[in-house]
file target_22.cif (mmCIF, C-alpha atoms and all ligand atoms)
data_input
#
loop_
_atom_site.group_PDB
_atom_site.id
_atom_site.type_symbol
_atom_site.label_atom_id
_atom_site.label_comp_id
_atom_site.auth_asym_id
_atom_site.auth_seq_id
_atom_site.Cartn_x
_atom_site.Cartn_y
_atom_site.Cartn_z
ATOM 1 C CA MET Q 1 38.351 53.634 66.036
ATOM 2 C CA PHE Q 2 37.201 51.797 62.892
ATOM 3 C CA GLU Q 3 40.222 51.838 60.681
ATOM 4 C CA TYR Q 4 40.395 51.365 56.972
ATOM 5 C CA ARG Q 5 43.995 52.553 56.877
ATOM 6 C CA PHE Q 6 46.634 50.156 55.607
ATOM 7 C CA ASN Q 7 50.375 50.615 55.912
ATOM 8 C CA VAL Q 8 51.757 50.016 52.416
ATOM 9 C CA SER Q 9 55.382 51.004 53.069
ATOM 10 C CA THR Q 10 56.775 47.526 52.335
ATOM 11 C CA LEU Q 11 54.566 47.065 49.278
ATOM 12 C CA LEU Q 12 55.819 50.401 47.933
ATOM 13 C CA GLN Q 13 59.371 49.070 48.088
ATOM 14 C CA GLU Q 14 58.482 46.016 46.017
ATOM 15 C CA PRO Q 15 58.415 45.803 42.205
ATOM 16 C CA THR Q 16 55.403 46.843 40.143
ATOM 17 C CA GLY Q 17 52.836 44.051 40.128
ATOM 18 C CA SER Q 18 53.494 42.948 43.721
ATOM 19 C CA THR Q 19 50.293 42.303 45.641
ATOM 20 C CA ARG Q 20 48.734 42.168 49.100
ATOM 21 C CA HIS Q 21 45.440 40.655 50.165
ATOM 22 C CA TYR Q 22 43.325 41.567 53.189
ATOM 23 C CA GLU Q 23 39.784 40.933 54.394
ATOM 24 C CA LEU Q 24 37.584 43.619 55.843
ATOM 25 C CA ASN Q 25 35.673 42.238 58.779
ATOM 26 C CA ASP Q 26 33.295 43.401 61.493
ATOM 27 C CA GLU Q 27 33.783 47.076 60.961
ATOM 28 C CA ARG Q 28 31.347 49.893 60.374
ATOM 29 C CA LEU Q 29 31.289 52.673 57.847
ATOM 30 C CA GLU Q 30 29.555 55.967 58.621
ATOM 31 C CA LEU Q 31 27.988 57.530 55.530
ATOM 32 C CA GLY Q 32 26.709 60.692 57.198
ATOM 33 C CA GLU Q 33 23.137 61.756 57.986
ATOM 34 C CA GLY Q 34 22.670 58.762 60.261
ATOM 35 C CA LEU Q 35 23.405 56.174 57.584
ATOM 36 C CA VAL Q 36 25.732 53.375 58.654
ATOM 37 C CA VAL Q 37 26.919 50.232 56.875
ATOM 38 C CA LYS Q 38 27.531 47.529 59.447
ATOM 39 C CA PRO Q 39 29.289 45.177 59.565
ATOM 40 C CA VAL Q 40 31.548 45.764 56.585
ATOM 41 C CA GLN Q 41 33.127 42.710 55.019
ATOM 42 C CA GLY Q 42 34.860 41.872 51.787
ATOM 43 C CA PRO Q 43 38.197 41.338 50.114
ATOM 44 C CA VAL Q 44 40.874 43.984 49.595
ATOM 45 C CA HIS Q 45 43.517 43.503 46.896
ATOM 46 C CA PHE Q 46 46.441 45.873 46.560
ATOM 47 C CA THR Q 47 48.711 45.864 43.528
ATOM 48 C CA ARG Q 48 51.862 47.930 43.322
ATOM 49 C CA THR Q 49 51.700 50.240 40.273
ATOM 50 C CA ILE Q 50 54.238 52.652 38.858
ATOM 51 C CA LYS Q 51 52.564 55.598 40.573
ATOM 52 C CA GLY Q 52 51.375 53.958 43.773
ATOM 53 C CA VAL Q 53 48.915 51.213 44.675
ATOM 54 C CA LEU Q 54 45.821 49.987 42.856
ATOM 55 C CA ALA Q 55 43.114 49.006 45.345
ATOM 56 C CA ASP Q 56 40.481 46.490 44.244
ATOM 57 C CA VAL Q 57 37.912 46.341 47.018
ATOM 58 C CA ALA Q 58 34.577 44.526 47.150
ATOM 59 C CA PRO Q 59 32.919 45.633 50.387
ATOM 60 C CA HIS Q 60 29.421 44.684 51.428
ATOM 61 C CA GLY Q 61 27.340 45.213 54.517
ATOM 62 C CA ILE Q 62 23.920 46.055 55.864
ATOM 63 C CA VAL Q 63 22.796 49.651 55.584
ATOM 64 C CA ASN Q 64 19.971 51.257 57.524
ATOM 65 C CA LEU Q 65 17.558 53.108 55.254
ATOM 66 C CA GLU Q 66 13.978 54.342 55.298
ATOM 67 C CA CYS Q 67 11.261 52.940 53.080
ATOM 68 C CA GLY Q 68 10.700 55.512 50.330
ATOM 69 C CA ARG Q 69 6.921 55.140 50.653
ATOM 70 C CA CYS Q 70 6.091 54.598 54.328
ATOM 71 C CA LEU Q 71 9.337 55.733 56.048
ATOM 72 C CA THR Q 72 9.649 52.480 58.021
ATOM 73 C CA PRO Q 73 13.287 51.561 58.791
ATOM 74 C CA VAL Q 74 14.677 49.148 56.200
ATOM 75 C CA HIS Q 75 17.867 47.146 56.569
ATOM 76 C CA GLN Q 76 19.286 46.224 53.242
ATOM 77 C CA GLU Q 77 22.372 44.524 51.853
ATOM 78 C CA LEU Q 78 24.632 47.004 50.116
ATOM 79 C CA ARG Q 79 27.479 46.065 47.776
ATOM 80 C CA PHE Q 80 29.869 48.739 46.611
ATOM 81 C CA PRO Q 81 32.856 47.264 44.764
ATOM 82 C CA PHE Q 82 35.427 49.637 43.345
ATOM 83 C CA SER Q 83 38.873 49.869 41.853
ATOM 84 C CA GLU Q 84 40.911 53.003 42.521
ATOM 85 C CA GLU Q 85 44.561 53.906 42.250
ATOM 86 C CA PHE Q 86 46.123 55.576 45.283
ATOM 87 C CA TYR Q 87 49.109 57.760 44.462
ATOM 88 C CA GLN Q 88 52.369 57.677 46.347
ATOM 89 C CA THR Q 89 53.353 61.126 47.652
ATOM 90 C CA VAL Q 90 56.770 60.523 49.264
ATOM 91 C CA MET Q 91 59.655 58.118 48.747
ATOM 92 C CA VAL Q 92 59.782 55.334 51.336
ATOM 93 C CA ALA Q 93 63.573 55.254 51.530
ATOM 94 C CA ASN Q 94 64.245 58.913 52.352
ATOM 95 C CA GLY Q 95 60.849 60.613 52.767
ATOM 96 C CA ALA Q 96 61.505 62.909 49.806
ATOM 97 C CA ALA Q 97 58.376 64.382 48.257
ATOM 98 C CA LEU Q 98 57.345 63.038 44.861
ATOM 99 C CA PRO Q 99 55.826 65.298 42.199
ATOM 100 C CA PRO Q 100 52.077 65.561 42.846
ATOM 101 C CA PRO Q 101 49.819 63.631 40.425
ATOM 102 C CA GLU Q 102 48.624 65.620 37.420
ATOM 103 C CA GLU Q 103 45.065 64.330 37.706
ATOM 104 C CA PRO Q 104 42.819 66.326 40.054
ATOM 105 C CA ASP Q 105 40.858 64.705 42.895
ATOM 106 C CA VAL Q 106 42.839 61.488 43.081
ATOM 107 C CA PHE Q 107 43.328 59.402 46.203
ATOM 108 C CA LEU Q 108 46.702 59.778 47.898
ATOM 109 C CA ILE Q 109 48.856 57.616 50.126
ATOM 110 C CA ASP Q 110 49.947 59.840 53.019
ATOM 111 C CA GLU Q 111 53.503 60.728 54.025
ATOM 112 C CA LEU Q 112 53.534 57.861 56.556
ATOM 113 C CA HIS Q 113 52.691 55.420 53.705
ATOM 114 C CA LYS Q 114 49.181 54.862 55.005
ATOM 115 C CA LEU Q 115 46.540 54.119 52.414
ATOM 116 C CA ASP Q 116 43.128 55.154 53.757
ATOM 117 C CA LEU Q 117 40.270 53.347 52.003
ATOM 118 C CA GLU Q 118 37.546 55.098 53.967
ATOM 119 C CA PRO Q 119 36.882 58.156 51.740
ATOM 120 C CA ALA Q 120 36.668 55.933 48.642
ATOM 121 C CA MET Q 121 34.450 53.426 50.451
ATOM 122 C CA ARG Q 122 32.103 56.178 51.573
ATOM 123 C CA GLU Q 123 31.933 57.609 48.056
ATOM 124 C CA TYR Q 124 31.113 54.248 46.461
ATOM 125 C CA ALA Q 125 28.659 53.254 49.195
ATOM 126 C CA LEU Q 126 26.689 56.471 48.622
ATOM 127 C CA LEU Q 127 26.785 55.913 44.846
ATOM 128 C CA ASN Q 128 25.319 52.437 45.299
ATOM 129 C CA LEU Q 129 22.473 53.322 47.643
ATOM 130 C CA PRO Q 130 19.094 52.355 46.155
ATOM 131 C CA MET Q 131 17.123 55.302 44.759
ATOM 132 C CA LEU Q 132 13.878 54.096 46.303
ATOM 133 C CA PRO Q 133 14.356 51.572 49.106
ATOM 134 C CA LEU Q 134 11.143 49.724 49.971
ATOM 135 C CA CYS Q 135 10.124 47.832 53.116
ATOM 136 C CA GLN Q 136 8.301 45.392 50.815
ATOM 137 C CA ASP Q 137 7.734 45.385 47.070
ATOM 138 C CA ASP Q 138 4.053 46.178 47.437
ATOM 139 C CA CYS Q 139 4.365 48.737 50.237
ATOM 140 C CA LYS Q 140 1.170 50.798 50.248
ATOM 141 C CA GLY Q 141 2.894 53.873 51.632
ATOM 142 C CA LEU Q 142 1.464 56.635 53.763
ATOM 143 C CA CYS Q 143 -1.958 58.121 53.126
ATOM 144 C CA PRO Q 144 -1.168 61.450 51.467
ATOM 145 C CA GLN Q 145 -4.096 63.037 53.283
ATOM 146 C CA CYS Q 146 -4.057 61.763 56.880
ATOM 147 C CA GLY Q 147 -0.565 60.269 56.970
ATOM 148 C CA VAL Q 148 -1.412 56.809 58.348
ATOM 149 C CA ASN Q 149 0.733 53.900 57.290
ATOM 150 C CA ARG Q 150 -1.545 52.086 54.860
ATOM 151 C CA ASN Q 151 0.285 48.814 55.455
ATOM 152 C CA GLU Q 152 -0.999 48.887 59.035
ATOM 153 C CA THR Q 153 -4.182 50.957 58.994
ATOM 154 C CA THR Q 154 -7.023 51.567 56.597
ATOM 155 C CA CYS Q 155 -8.298 55.104 56.659
ATOM 156 C CA ASN Q 156 -11.445 56.637 55.226
ATOM 157 C CA CYS Q 157 -9.827 59.343 53.180
ATOM 158 C CA GLU Q 158 -10.935 59.675 49.597
ATOM 159 C CA ASP Q 159 -8.481 57.924 47.406
ATOM 160 C CA ASP Q 160 -7.797 60.550 44.810
ATOM 161 C CA VAL Q 161 -4.193 59.595 44.253
ATOM 162 C CA VAL Q 162 -4.133 58.236 40.731
ATOM 163 C CA ASP Q 163 -0.698 56.716 40.768
ATOM 164 C CA GLU Q 164 1.121 55.120 43.626
ATOM 165 C CA ARG Q 165 4.407 56.200 42.093
ATOM 166 C CA LEU Q 166 3.326 59.809 42.456
ATOM 167 C CA ALA Q 167 2.778 59.221 46.165
ATOM 168 C CA ALA Q 168 6.254 57.777 46.420
ATOM 169 C CA LEU Q 169 7.630 60.799 44.646
ATOM 170 C CA LYS Q 170 5.725 63.088 46.966
ATOM 171 C CA ASN Q 171 7.177 61.272 49.988
ATOM 172 C CA LEU Q 172 10.617 61.757 48.590
ATOM 173 C CA LEU Q 173 10.043 65.430 47.877
ATOM 174 C CA ASP Q 174 8.646 65.929 51.372
ATOM 175 C CA LYS Q 175 11.771 64.302 52.748
ATOM 176 C CA PHE Q 176 14.086 66.738 51.038
HETATM 177 ZN ZN ZN X 1 7.145 50.842 53.203
HETATM 178 ZN ZN ZN X 2 -5.999 58.738 55.121
#
call {"tool": "encode", "arguments": {"input": "target_22.cif", "output": "structure tokens"}}
result
Amino acid sequence: MFEYRFNVSTLLQEPTGSTRHYELNDERLELGEGLVVKPVQGPVHFTRTIKGVLADVAPHGIVNLECGRCLTPVHQELRFPFSEEFYQTVMVANGAALPPPEEPDVFLIDELHKLDLEPAMREYALLNLPMLPLCQDDCKGLCPQCGVNRNETTCNCEDDVVDERLAALKNLLDKF
């Protein structure tokens, strides 16, 4: 439904260095485990290389996260630019198979000359997720004893947590 697949058959028939330009717009990218970047926008540049197509992509969008301290939903801008070469697997003219690339785990252009950006976009989006998203810089987090959100409620528990960062770490550990 939300396609990041581009037909590069004509570009593959052009000389090395030939280019295409596209704009991603109003799409969504599922990252798994309920995480979604939406909408996804940004420029896409394709350059014909000897082995296939170099994709320079600079996507950005809003991702739904949880505050690392109080677990409140956080919507945050995510930028995940990348540059990856996609290898041609068959000849455009006659569909003959080309020798597979020597490098392992490279991105491929399929036998219908479709270049699918989605796996690369997902990979780079996950790489660029913040380690500790916060609802606000001074989020007070959850009380480690009674669990109330200390941004909203004051509780009467004894405050024996010496370091707020430890509480954040504990939240994270509890999460996983
Ligand atoms: Zn928070
Ligand atoms: Zn408490």
call {"tool": "resolve_selection", "arguments": {"input": "target_22.cif", "expression": "the PyMOL selection byres (((chain Q and resi 175) around 12) and not hetatm)", "output": "ChimeraX atom specification"}}
result
/Q:66-71,168-174,176
call {"tool": "residues_near_ligand", "arguments": {"input": "target_22.cif", "ligand": "ligand ZN 2 (chain X)", "cutoff": "12 Å", "atoms": "all atoms listed in the file", "output": "NGL selection string"}}
result
:Q and (140-161)
call {"tool": "closest_residue", "arguments": {"input": "target_22.cif", "among": "Q:Val40, Q:Leu12, Q:Ala167, Q:Leu24", "to": "Gln88 in chain Q", "atoms": "only C-alpha atoms"}}
result
Q:Leu12
call {"tool": "closest_residue", "arguments": {"input": "target_22.cif", "among": "Q:Glu123, Q:Glu23, Q:Glu3, Q:Asp137", "to": "ligand ZN 1 (chain X)", "atoms": "all atoms listed in the file"}}
result
Q:Asp137
call {"tool": "atom_distance", "arguments": {"input": "target_22.cif", "atom1": "CA of Ile50 in chain Q", "atom2": "CA of Tyr124 in chain Q"}}
result
24.4 Å
call {"tool": "axis_aligned_box", "arguments": {"input": "target_22.cif", "around": "range 20-27 of chain Q", "padding_each_side": "8 Å", "output": "JSON"}}
result
{"center_x": 41.0, "center_y": 43.9, "center_z": 55.3, "size_x": 31.4, "size_y": 22.4, "size_z": 28.4}
call {"tool": "closest_residue", "arguments": {"input": "target_22.cif", "among": "Q:Ala97, Q:Leu35, Q:His113, Q:Glu85", "to": "Gln13 in chain Q", "atoms": "all atoms listed in the file"}}
result
Q:His113
call {"tool": "atom_distance", "arguments": {"input": "target_22.cif", "atom1": "CA of Arg20 in chain Q", "atom2": "CA of Val36 in chain Q"}}
result
27.3 Å
call {"tool": "closest_residue", "arguments": {"input": "target_22.cif", "among": "Q:Asp138, Q:Asp105, Q:Glu111, Q:Glu27", "to": "ligand ZN 1 (chain X)", "atoms": "only C-alpha atoms and all ligand atoms"}}
result
Q:Asp138
call {"tool": "closest_residue", "arguments": {"input": "target_22.cif", "among": "Q:Gly34, Q:Phe107, Q:Pro101, Q:Pro59", "to": "Pro119 in chain Q", "atoms": "only C-alpha atoms"}}
result
Q:Phe107
call {"tool": "residues_around", "arguments": {"input": "target_22.cif", "residues": "Leu11 in chain Q", "least_positions_apart": "6", "cutoff": "9 Å", "atoms": "all atoms listed in the file", "output": "ChimeraX atom specification"}}
result
/Q:18-20,46-48,53
call {"tool": "closest_residue", "arguments": {"input": "target_22.cif", "among": "Q:Leu65, Q:Gly95, Q:Ala55, Q:Phe82", "to": "ligand ZN 1 (chain X)", "atoms": "only C-alpha atoms and all ligand atoms"}}
result
Q:Leu65
call {"tool": "atom_distance", "arguments": {"input": "target_22.cif", "atom1": "CA of Asn25 in chain Q", "atom2": "CA of Pro39 in chain Q"}}
result
7.1 Å
call {"tool": "resolve_selection", "arguments": {"input": "target_22.cif", "expression": "the PyMOL selection byres (((chain Q and resi 6) around 6) and not hetatm)", "output": "list in words"}}
result
Arg5, Asn7, Lys114 and Leu115 of chain Q
call {"tool": "residues_around", "arguments": {"input": "target_22.cif", "residues": "Lys51 in chain Q", "least_positions_apart": "3", "cutoff": "12 Å", "atoms": "only C-alpha atoms", "output": "PyMOL selection string"}}
result
chain Q and resi 12+15-17+47-48+54+85-91+98-103+106-109
call {"tool": "residues_around", "arguments": {"input": "target_22.cif", "residues": "Val44 in chain Q", "least_positions_apart": "4", "cutoff": "7 Å", "atoms": "all atoms listed in the file", "output": "PDB file with C-alpha atoms, in the frame of the given file"}}
result
ATOM      1  CA  HIS Q  21      45.440  40.655  50.165  1.00  0.00           C
ATOM      2  CA  TYR Q  22      43.325  41.567  53.189  1.00  0.00           C
ATOM      3  CA  GLU Q  23      39.784  40.933  54.394  1.00  0.00           C
ATOM      4  CA  ALA Q  55      43.114  49.006  45.345  1.00  0.00           C
ATOM      5  CA  ASP Q  56      40.481  46.490  44.244  1.00  0.00           C
ATOM      6  CA  VAL Q  57      37.912  46.341  47.018  1.00  0.00           C
ATOM      7  CA  ALA Q  58      34.577  44.526  47.150  1.00  0.00           C
TER       8      ALA Q  58
END
call {"tool": "build_atoms", "arguments": {"input": "target_22.cif", "residues": "range 63-89 of chain Q", "atoms": "N, CA and C atoms", "output": "PDB file, keeping the file's coordinate frame"}}
result
ATOM      1  N   VAL Q  63      22.975  48.213  55.385  1.00  0.00           N
ATOM      2  CA  VAL Q  63      22.796  49.651  55.584  1.00  0.00           C
ATOM      3  C   VAL Q  63      21.380  49.909  56.087  1.00  0.00           C
ATOM      4  N   ASN Q  64      21.285  50.877  56.993  1.00  0.00           N
ATOM      5  CA  ASN Q  64      19.971  51.257  57.524  1.00  0.00           C
ATOM      6  C   ASN Q  64      19.373  52.375  56.676  1.00  0.00           C
ATOM      7  N   LEU Q  65      18.213  52.116  56.108  1.00  0.00           N
ATOM      8  CA  LEU Q  65      17.558  53.108  55.254  1.00  0.00           C
ATOM      9  C   LEU Q  65      16.122  53.294  55.727  1.00  0.00           C
ATOM     10  N   GLU Q  66      15.406  54.177  55.045  1.00  0.00           N
ATOM     11  CA  GLU Q  66      13.978  54.342  55.298  1.00  0.00           C
ATOM     12  C   GLU Q  66      13.231  53.947  54.048  1.00  0.00           C
ATOM     13  N   CYS Q  67      12.117  53.258  54.226  1.00  0.00           N
ATOM     14  CA  CYS Q  67      11.261  52.940  53.080  1.00  0.00           C
ATOM     15  C   CYS Q  67      10.854  54.246  52.404  1.00  0.00           C
ATOM     16  N   GLY Q  68      11.008  54.301  51.086  1.00  0.00           N
ATOM     17  CA  GLY Q  68      10.700  55.512  50.330  1.00  0.00           C
ATOM     18  C   GLY Q  68       9.218  55.842  50.296  1.00  0.00           C
ATOM     19  N   ARG Q  69       8.372  54.877  50.678  1.00  0.00           N
ATOM     20  CA  ARG Q  69       6.921  55.140  50.653  1.00  0.00           C
ATOM     21  C   ARG Q  69       6.333  55.348  52.046  1.00  0.00           C
ATOM     22  N   CYS Q  70       6.750  54.513  53.016  1.00  0.00           N
ATOM     23  CA  CYS Q  70       6.091  54.598  54.328  1.00  0.00           C
ATOM     24  C   CYS Q  70       7.058  55.023  55.436  1.00  0.00           C
ATOM     25  N   LEU Q  71       8.328  55.225  55.113  1.00  0.00           N
ATOM     26  CA  LEU Q  71       9.337  55.733  56.048  1.00  0.00           C
ATOM     27  C   LEU Q  71       9.715  54.760  57.165  1.00  0.00           C
ATOM     28  N   THR Q  72       9.244  53.508  57.066  1.00  0.00           N
ATOM     29  CA  THR Q  72       9.649  52.480  58.021  1.00  0.00           C
ATOM     30  C   THR Q  72      11.143  52.181  57.843  1.00  0.00           C
ATOM     31  N   PRO Q  73      11.881  51.941  58.949  1.00  0.00           N
ATOM     32  CA  PRO Q  73      13.287  51.561  58.791  1.00  0.00           C
ATOM     33  C   PRO Q  73      13.439  50.285  57.964  1.00  0.00           C
ATOM     34  N   VAL Q  74      14.397  50.291  57.069  1.00  0.00           N
ATOM     35  CA  VAL Q  74      14.677  49.148  56.200  1.00  0.00           C
ATOM     36  C   VAL Q  74      16.156  48.827  56.338  1.00  0.00           C
ATOM     37  N   HIS Q  75      16.464  47.555  56.547  1.00  0.00           N
ATOM     38  CA  HIS Q  75      17.867  47.146  56.569  1.00  0.00           C
ATOM     39  C   HIS Q  75      18.134  46.342  55.328  1.00  0.00           C
ATOM     40  N   GLN Q  76      19.099  46.796  54.567  1.00  0.00           N
ATOM     41  CA  GLN Q  76      19.286  46.224  53.242  1.00  0.00           C
ATOM     42  C   GLN Q  76      20.755  45.947  52.976  1.00  0.00           C
ATOM     43  N   GLU Q  77      21.012  44.855  52.265  1.00  0.00           N
ATOM     44  CA  GLU Q  77      22.372  44.524  51.853  1.00  0.00           C
ATOM     45  C   GLU Q  77      22.858  45.545  50.823  1.00  0.00           C
ATOM     46  N   LEU Q  78      24.054  46.042  51.052  1.00  0.00           N
ATOM     47  CA  LEU Q  78      24.632  47.004  50.116  1.00  0.00           C
ATOM     48  C   LEU Q  78      25.989  46.488  49.666  1.00  0.00           C
ATOM     49  N   ARG Q  79      26.182  46.450  48.342  1.00  0.00           N
ATOM     50  CA  ARG Q  79      27.479  46.065  47.776  1.00  0.00           C
ATOM     51  C   ARG Q  79      28.038  47.268  47.040  1.00  0.00           C
ATOM     52  N   PHE Q  80      29.306  47.548  47.270  1.00  0.00           N
ATOM     53  CA  PHE Q  80      29.869  48.739  46.611  1.00  0.00           C
ATOM     54  C   PHE Q  80      31.324  48.507  46.189  1.00  0.00           C
ATOM     55  N   PRO Q  81      31.507  47.567  45.241  1.00  0.00           N
ATOM     56  CA  PRO Q  81      32.856  47.264  44.764  1.00  0.00           C
ATOM     57  C   PRO Q  81      33.465  48.436  44.001  1.00  0.00           C
ATOM     58  N   PHE Q  82      34.763  48.577  44.101  1.00  0.00           N
ATOM     59  CA  PHE Q  82      35.427  49.637  43.345  1.00  0.00           C
ATOM     60  C   PHE Q  82      36.895  49.293  43.117  1.00  0.00           C
ATOM     61  N   SER Q  83      37.466  50.015  42.190  1.00  0.00           N
ATOM     62  CA  SER Q  83      38.873  49.869  41.853  1.00  0.00           C
ATOM     63  C   SER Q  83      39.422  51.278  41.706  1.00  0.00           C
ATOM     64  N   GLU Q  84      40.364  51.646  42.549  1.00  0.00           N
ATOM     65  CA  GLU Q  84      40.911  53.003  42.521  1.00  0.00           C
ATOM     66  C   GLU Q  84      42.422  52.949  42.739  1.00  0.00           C
ATOM     67  N   GLU Q  85      43.127  53.811  42.028  1.00  0.00           N
ATOM     68  CA  GLU Q  85      44.561  53.906  42.250  1.00  0.00           C
ATOM     69  C   GLU Q  85      44.840  54.983  43.302  1.00  0.00           C
ATOM     70  N   PHE Q  86      45.699  54.637  44.250  1.00  0.00           N
ATOM     71  CA  PHE Q  86      46.123  55.576  45.283  1.00  0.00           C
ATOM     72  C   PHE Q  86      47.563  55.979  44.982  1.00  0.00           C
ATOM     73  N   TYR Q  87      47.808  57.269  44.912  1.00  0.00           N
ATOM     74  CA  TYR Q  87      49.109  57.760  44.462  1.00  0.00           C
ATOM     75  C   TYR Q  87      50.077  57.944  45.624  1.00  0.00           C
ATOM     76  N   GLN Q  88      51.291  57.506  45.373  1.00  0.00           N
ATOM     77  CA  GLN Q  88      52.369  57.677  46.347  1.00  0.00           C
ATOM     78  C   GLN Q  88      52.778  59.150  46.359  1.00  0.00           C
ATOM     79  N   THR Q  89      52.993  59.708  47.559  1.00  0.00           N
ATOM     80  CA  THR Q  89      53.353  61.126  47.652  1.00  0.00           C
ATOM     81  C   THR Q  89      54.797  61.350  48.105  1.00  0.00           C
TER      82      THR Q  89
END
